[in-house]
Amino acid sequence: TYGIVFPFTKPLSDCLKPLPDACMAGLEYGDVMHGLRCLSCYAWITYHSAGQPLPQFVNTIHRFSKYSIEYNSTSTLLALKVFVQVCANFMGSTGASPNPANLVGDHFDLDAVSSESLCKTHMLLLEQTQLMQIILGYFFGDYEKAWIASENLRATGATSFAGLMFPHFLAFYRGLTALAQWDILRSRNFMKVAKSCLNELKIGQKNSPINLSHSYYLLKAEYSVAKKKHGLAERFFSLSIRHAEEGKVLHEQALACERFGFYYLRRNNHEAAYEQIRAAYDLYRKWGGRAKSESLKKKFPHLADARRNHQVHINQKKTLSC
């Protein structure tokens, strides 16, 4: 219930404590499959709700991984390793990929795990890895890689996500990726995909406004930017930031601030751009995403300065590619 029903009716963070308890109860009373399923739901919800800072989340995953080993659940163990790898890439910690946009590293290597083998063993795991590849690609600016993973996931039908919150997470990141690709390639197909994702996310937002409003408003903001409706875009960016802050979804609040900052930069409002990008930098650091915050600092070297300078200093070539 806390993994399927309540995420639509309660804040995601309210589902965190009951799921580990349900996992332990299942393992203790012999319902191993239920226990491990609760463990997988816990990992998903903790990550997407930013329910714990990344270092704490990784420690929790390591603690629970022993049950997957004890009960010989290869698929659950692999699923947990995916999260550890994603977190390592965001944190820039031991085992991270040299290119954090790639779901590759010491903990999990997407390139080394064939789609065929995953399809035979666990379709949900295959779809999970593709979704996390979309997320890494988008956050670290490799929109082509994110789009390829998005298309791979569409080809499977994402059937394992049916009835869960996850199709809405997919619509959010697929829509953002499509708009990023449209900005580069100007293909109408990307706008069609973005519009479809926006419609799907709108339905999710109506069913679970407490958990999906910030996602809906951010995608709506980016869509408005593409349509050159700047007044609406600014309104939706602000709404996304406010709802993410209320829901304490640190990484997606940071993302909304970052995207709002880049929007202002293109509008030549450097003071407003600095404020939003500085907020994103601070939020990524609070979340534990050191590699992500460092990538922002490379583009905006003065973010780390103790004395705040309200003129953004940036490598223009790098900025225009974002």
# chains A, B, ... in the order shown; residues from 1 in each chain; ligands from 1
call {"tool": "residues_around", "arguments": {"residues": "Glu246 in chain A", "least_positions_apart": "4", "cutoff": "9 Å", "atoms": "only C-alpha atoms", "output": "JSON, numbers by chain"}}
result
{"A": [210, 241, 242]}
call {"tool": "residues_around", "arguments": {"residues": "Leu232 in chain A", "least_positions_apart": "2", "cutoff": "12 Å", "atoms": "only C-alpha atoms", "output": "PDB file with all heavy atoms, in the first residue's frame"}}
result
ATOM      1  N   TYR A 217       4.831  21.741 -13.116  1.00  0.00           N
ATOM      2  CA  TYR A 217       5.072  23.157 -13.372  1.00  0.00           C
ATOM      3  C   TYR A 217       6.436  23.387 -14.022  1.00  0.00           C
ATOM      4  O   TYR A 217       6.587  24.309 -14.849  1.00  0.00           O
ATOM      5  CB  TYR A 217       4.949  23.962 -12.082  1.00  0.00           C
ATOM      6  CG  TYR A 217       3.520  24.100 -11.599  1.00  0.00           C
ATOM      7  CD1 TYR A 217       3.164  23.771 -10.290  1.00  0.00           C
ATOM      8  CD2 TYR A 217       2.519  24.561 -12.459  1.00  0.00           C
ATOM      9  CE1 TYR A 217       1.855  23.888  -9.853  1.00  0.00           C
ATOM     10  CE2 TYR A 217       1.207  24.676 -12.027  1.00  0.00           C
ATOM     11  CZ  TYR A 217       0.875  24.341 -10.727  1.00  0.00           C
ATOM     12  OH  TYR A 217      -0.420  24.454 -10.305  1.00  0.00           O
ATOM     13  N   LEU A 218       7.429  22.572 -13.688  1.00  0.00           N
ATOM     14  CA  LEU A 218       8.730  22.746 -14.341  1.00  0.00           C
ATOM     15  C   LEU A 218       8.651  22.361 -15.822  1.00  0.00           C
ATOM     16  O   LEU A 218       9.170  23.079 -16.689  1.00  0.00           O
ATOM     17  CB  LEU A 218       9.810  21.925 -13.638  1.00  0.00           C
ATOM     18  CG  LEU A 218      11.216  22.035 -14.246  1.00  0.00           C
ATOM     19  CD1 LEU A 218      11.649  23.487 -14.384  1.00  0.00           C
ATOM     20  CD2 LEU A 218      12.231  21.253 -13.412  1.00  0.00           C
ATOM     21  N   LEU A 219       7.999  21.242 -16.113  1.00  0.00           N
ATOM     22  CA  LEU A 219       7.846  20.865 -17.519  1.00  0.00           C
ATOM     23  C   LEU A 219       6.995  21.896 -18.259  1.00  0.00           C
ATOM     24  O   LEU A 219       7.280  22.237 -19.416  1.00  0.00           O
ATOM     25  CB  LEU A 219       7.217  19.473 -17.621  1.00  0.00           C
ATOM     26  CG  LEU A 219       7.133  18.870 -19.027  1.00  0.00           C
ATOM     27  CD1 LEU A 219       8.499  18.815 -19.689  1.00  0.00           C
ATOM     28  CD2 LEU A 219       6.510  17.472 -18.982  1.00  0.00           C
ATOM     29  N   LYS A 220       5.971  22.415 -17.591  1.00  0.00           N
ATOM     30  CA  LYS A 220       5.128  23.457 -18.192  1.00  0.00           C
ATOM     31  C   LYS A 220       5.948  24.726 -18.451  1.00  0.00           C
ATOM     32  O   LYS A 220       5.767  25.385 -19.488  1.00  0.00           O
ATOM     33  CB  LYS A 220       3.969  23.767 -17.237  1.00  0.00           C
ATOM     34  CG  LYS A 220       2.918  24.716 -17.791  1.00  0.00           C
ATOM     35  CD  LYS A 220       1.974  24.042 -18.744  1.00  0.00           C
ATOM     36  CE  LYS A 220       0.801  24.928 -19.107  1.00  0.00           C
ATOM     37  NZ  LYS A 220      -0.054  24.334 -20.152  1.00  0.00           N
ATOM     38  N   ALA A 221       6.846  25.049 -17.531  1.00  0.00           N
ATOM     39  CA  ALA A 221       7.705  26.225 -17.717  1.00  0.00           C
ATOM     40  C   ALA A 221       8.601  26.065 -18.933  1.00  0.00           C
ATOM     41  O   ALA A 221       8.721  26.974 -19.770  1.00  0.00           O
ATOM     42  CB  ALA A 221       8.550  26.450 -16.461  1.00  0.00           C
ATOM     43  N   GLU A 222       9.249  24.899 -19.057  1.00  0.00           N
ATOM     44  CA  GLU A 222      10.148  24.678 -20.189  1.00  0.00           C
ATOM     45  C   GLU A 222       9.371  24.660 -21.507  1.00  0.00           C
ATOM     46  O   GLU A 222       9.858  25.145 -22.536  1.00  0.00           O
ATOM     47  CB  GLU A 222      10.910  23.366 -20.001  1.00  0.00           C
ATOM     48  CG  GLU A 222      11.878  23.375 -18.822  1.00  0.00           C
ATOM     49  CD  GLU A 222      13.146  24.170 -19.092  1.00  0.00           C
ATOM     50  OE1 GLU A 222      13.230  24.898 -20.116  1.00  0.00           O
ATOM     51  OE2 GLU A 222      14.073  24.086 -18.279  1.00  0.00           O
ATOM     52  N   TYR A 223       8.163  24.113 -21.476  1.00  0.00           N
ATOM     53  CA  TYR A 223       7.328  24.105 -22.679  1.00  0.00           C
ATOM     54  C   TYR A 223       6.941  25.542 -23.056  1.00  0.00           C
ATOM     55  O   TYR A 223       6.922  25.897 -24.234  1.00  0.00           O
ATOM     56  CB  TYR A 223       6.087  23.254 -22.445  1.00  0.00           C
ATOM     57  CG  TYR A 223       5.274  22.984 -23.683  1.00  0.00           C
ATOM     58  CD1 TYR A 223       5.657  22.000 -24.595  1.00  0.00           C
ATOM     59  CD2 TYR A 223       4.109  23.703 -23.952  1.00  0.00           C
ATOM     60  CE1 TYR A 223       4.911  21.745 -25.745  1.00  0.00           C
ATOM     61  CE2 TYR A 223       3.362  23.458 -25.090  1.00  0.00           C
ATOM     62  CZ  TYR A 223       3.768  22.475 -25.986  1.00  0.00           C
ATOM     63  OH  TYR A 223       3.030  22.236 -27.120  1.00  0.00           O
ATOM     64  N   SER A 224       6.657  26.356 -22.062  1.00  0.00           N
ATOM     65  CA  SER A 224       6.307  27.758 -22.314  1.00  0.00           C
ATOM     66  C   SER A 224       7.495  28.515 -22.889  1.00  0.00           C
ATOM     67  O   SER A 224       7.328  29.382 -23.762  1.00  0.00           O
ATOM     68  CB  SER A 224       5.828  28.420 -21.022  1.00  0.00           C
ATOM     69  OG  SER A 224       4.665  27.791 -20.524  1.00  0.00           O
ATOM     70  N   VAL A 225       8.701  28.199 -22.417  1.00  0.00           N
ATOM     71  CA  VAL A 225       9.902  28.817 -22.981  1.00  0.00           C
ATOM     72  C   VAL A 225      10.014  28.475 -24.462  1.00  0.00           C
ATOM     73  O   VAL A 225      10.279  29.343 -25.304  1.00  0.00           O
ATOM     74  CB  VAL A 225      11.171  28.351 -22.229  1.00  0.00           C
ATOM     75  CG1 VAL A 225      12.432  28.837 -22.954  1.00  0.00           C
ATOM     76  CG2 VAL A 225      11.168  28.859 -20.794  1.00  0.00           C
ATOM     77  N   ALA A 226       9.799  27.197 -24.787  1.00  0.00           N
ATOM     78  CA  ALA A 226       9.886  26.768 -26.184  1.00  0.00           C
ATOM     79  C   ALA A 226       8.850  27.478 -27.051  1.00  0.00           C
ATOM     80  O   ALA A 226       9.102  27.761 -28.226  1.00  0.00           O
ATOM     81  CB  ALA A 226       9.702  25.251 -26.279  1.00  0.00           C
ATOM     82  N   LYS A 227       7.696  27.782 -26.466  1.00  0.00           N
ATOM     83  CA  LYS A 227       6.627  28.481 -27.180  1.00  0.00           C
ATOM     84  C   LYS A 227       6.776  30.006 -27.111  1.00  0.00           C
ATOM     85  O   LYS A 227       5.921  30.743 -27.603  1.00  0.00           O
ATOM     86  CB  LYS A 227       5.262  28.074 -26.597  1.00  0.00           C
ATOM     87  CG  LYS A 227       4.855  26.636 -26.901  1.00  0.00           C
ATOM     88  CD  LYS A 227       4.545  26.447 -28.366  1.00  0.00           C
ATOM     89  CE  LYS A 227       3.936  25.096 -28.657  1.00  0.00           C
ATOM     90  NZ  LYS A 227       3.596  24.938 -30.090  1.00  0.00           N
ATOM     91  N   LYS A 228       7.861  30.460 -26.452  1.00  0.00           N
ATOM     92  CA  LYS A 228       8.164  31.883 -26.301  1.00  0.00           C
ATOM     93  C   LYS A 228       7.078  32.633 -25.523  1.00  0.00           C
ATOM     94  O   LYS A 228       6.836  33.824 -25.763  1.00  0.00           O
ATOM     95  CB  LYS A 228       8.397  32.530 -27.668  1.00  0.00           C
ATOM     96  CG  LYS A 228       9.583  31.931 -28.410  1.00  0.00           C
ATOM     97  CD  LYS A 228       9.846  32.633 -29.734  1.00  0.00           C
ATOM     98  CE  LYS A 228      11.053  32.013 -30.437  1.00  0.00           C
ATOM     99  NZ  LYS A 228      11.353  32.674 -31.731  1.00  0.00           N
ATOM    100  N   LYS A 229       6.472  31.926 -24.593  1.00  0.00           N
ATOM    101  CA  LYS A 229       5.493  32.546 -23.696  1.00  0.00           C
ATOM    102  C   LYS A 229       6.204  32.844 -22.381  1.00  0.00           C
ATOM    103  O   LYS A 229       6.081  32.125 -21.387  1.00  0.00           O
ATOM    104  CB  LYS A 229       4.293  31.623 -23.501  1.00  0.00           C
ATOM    105  CG  LYS A 229       3.525  31.355 -24.793  1.00  0.00           C
ATOM    106  CD  LYS A 229       2.337  30.411 -24.566  1.00  0.00           C
ATOM    107  CE  LYS A 229       1.581  30.170 -25.854  1.00  0.00           C
ATOM    108  NZ  LYS A 229       0.422  29.242 -25.661  1.00  0.00           N
ATOM    109  N   HIS A 230       6.964  33.924 -22.365  1.00  0.00           N
ATOM    110  CA  HIS A 230       7.917  34.157 -21.280  1.00  0.00           C
ATOM    111  C   HIS A 230       7.241  34.494 -19.948  1.00  0.00           C
ATOM    112  O   HIS A 230       7.726  34.098 -18.888  1.00  0.00           O
ATOM    113  CB  HIS A 230       8.884  35.268 -21.687  1.00  0.00           C
ATOM    114  CG  HIS A 230       9.664  34.941 -22.929  1.00  0.00           C
ATOM    115  ND1 HIS A 230      10.533  33.887 -22.995  1.00  0.00           N
ATOM    116  CD2 HIS A 230       9.670  35.526 -24.172  1.00  0.00           C
ATOM    117  CE1 HIS A 230      11.074  33.821 -24.203  1.00  0.00           C
ATOM    118  NE2 HIS A 230      10.557  34.802 -24.943  1.00  0.00           N
ATOM    119  N   GLU A 234       7.953  32.199 -16.558  1.00  0.00           N
ATOM    120  CA  GLU A 234       8.442  32.691 -15.267  1.00  0.00           C
ATOM    121  C   GLU A 234       7.485  32.305 -14.138  1.00  0.00           C
ATOM    122  O   GLU A 234       7.919  31.931 -13.041  1.00  0.00           O
ATOM    123  CB  GLU A 234       8.640  34.205 -15.335  1.00  0.00           C
ATOM    124  CG  GLU A 234       9.783  34.598 -16.265  1.00  0.00           C
ATOM    125  CD  GLU A 234       9.956  36.096 -16.394  1.00  0.00           C
ATOM    126  OE1 GLU A 234       9.483  36.837 -15.506  1.00  0.00           O
ATOM    127  OE2 GLU A 234      10.567  36.545 -17.395  1.00  0.00           O
ATOM    128  N   ARG A 235       6.204  32.386 -14.426  1.00  0.00           N
ATOM    129  CA  ARG A 235       5.213  31.998 -13.408  1.00  0.00           C
ATOM    130  C   ARG A 235       5.351  30.521 -13.062  1.00  0.00           C
ATOM    131  O   ARG A 235       5.346  30.139 -11.886  1.00  0.00           O
ATOM    132  CB  ARG A 235       3.814  32.291 -13.925  1.00  0.00           C
ATOM    133  CG  ARG A 235       2.692  31.801 -13.016  1.00  0.00           C
ATOM    134  CD  ARG A 235       1.341  32.327 -13.489  1.00  0.00           C
ATOM    135  NE  ARG A 235       0.256  31.700 -12.744  1.00  0.00           N
ATOM    136  CZ  ARG A 235      -0.478  30.683 -13.188  1.00  0.00           C
ATOM    137  NH1 ARG A 235      -0.242  30.181 -14.389  1.00  0.00           N
ATOM    138  NH2 ARG A 235      -1.445  30.170 -12.456  1.00  0.00           N
ATOM    139  N   PHE A 236       5.506  29.677 -14.079  1.00  0.00           N
ATOM    140  CA  PHE A 236       5.579  28.234 -13.823  1.00  0.00           C
ATOM    141  C   PHE A 236       6.908  27.835 -13.180  1.00  0.00           C
ATOM    142  O   PHE A 236       6.942  26.921 -12.355  1.00  0.00           O
ATOM    143  CB  PHE A 236       5.344  27.467 -15.120  1.00  0.00           C
ATOM    144  CG  PHE A 236       3.929  27.537 -15.616  1.00  0.00           C
ATOM    145  CD1 PHE A 236       3.661  27.830 -16.954  1.00  0.00           C
ATOM    146  CD2 PHE A 236       2.863  27.317 -14.765  1.00  0.00           C
ATOM    147  CE1 PHE A 236       2.358  27.904 -17.418  1.00  0.00           C
ATOM    148  CE2 PHE A 236       1.544  27.389 -15.217  1.00  0.00           C
ATOM    149  CZ  PHE A 236       1.300  27.678 -16.542  1.00  0.00           C
ATOM    150  N   PHE A 237       7.990  28.492 -13.548  1.00  0.00           N
ATOM    151  CA  PHE A 237       9.261  28.227 -12.863  1.00  0.00           C
ATOM    152  C   PHE A 237       9.119  28.521 -11.368  1.00  0.00           C
ATOM    153  O   PHE A 237       9.547  27.729 -10.510  1.00  0.00           O
ATOM    154  CB  PHE A 237      10.386  29.091 -13.440  1.00  0.00           C
ATOM    155  CG  PHE A 237      11.056  28.538 -14.661  1.00  0.00           C
ATOM    156  CD1 PHE A 237      11.133  29.284 -15.826  1.00  0.00           C
ATOM    157  CD2 PHE A 237      11.636  27.275 -14.655  1.00  0.00           C
ATOM    158  CE1 PHE A 237      11.765  28.790 -16.963  1.00  0.00           C
ATOM    159  CE2 PHE A 237      12.273  26.762 -15.780  1.00  0.00           C
ATOM    160  CZ  PHE A 237      12.335  27.519 -16.938  1.00  0.00           C
ATOM    161  N   SER A 238       8.518  29.652 -11.048  1.00  0.00           N
ATOM    162  CA  SER A 238       8.354  30.044  -9.636  1.00  0.00           C
ATOM    163  C   SER A 238       7.464  29.054  -8.896  1.00  0.00           C
ATOM    164  O   SER A 238       7.744  28.689  -7.744  1.00  0.00           O
ATOM    165  CB  SER A 238       7.768  31.457  -9.548  1.00  0.00           C
ATOM    166  OG  SER A 238       8.651  32.417 -10.110  1.00  0.00           O
ATOM    167  N   LEU A 239       6.390  28.610  -9.553  1.00  0.00           N
ATOM    168  CA  LEU A 239       5.501  27.624  -8.923  1.00  0.00           C
ATOM    169  C   LEU A 239       6.219  26.303  -8.681  1.00  0.00           C
ATOM    170  O   LEU A 239       6.047  25.664  -7.639  1.00  0.00           O
ATOM    171  CB  LEU A 239       4.279  27.396  -9.804  1.00  0.00           C
ATOM    172  CG  LEU A 239       3.194  28.466  -9.759  1.00  0.00           C
ATOM    173  CD1 LEU A 239       2.165  28.234 -10.860  1.00  0.00           C
ATOM    174  CD2 LEU A 239       2.507  28.471  -8.393  1.00  0.00           C
TER     175      LEU A 239
END
call {"tool": "closest_residue", "arguments": {"among": "A:Met24, A:Ile134, A:Val249, A:Ala279", "to": "Pro53 in chain A", "atoms": "only C-alpha atoms"}}
result
A:Val249
call {"tool": "atom_distance", "arguments": {"atom1": "CA of Ser208 in chain A", "atom2": "CA of Phe262 in chain A"}}
result
28.4 Å
call {"tool": "residues_around", "arguments": {"residues": "Tyr264 in chain A", "least_positions_apart": "6", "cutoff": "10 Å", "atoms": "only C-alpha atoms", "output": "list of chain:residue names"}}
result
A:Glu234, A:Glu258, A:His270, A:Glu271, A:Ala272, A:Ala273, A:Tyr274, A:Glu275, A:Gln276, A:Ile277
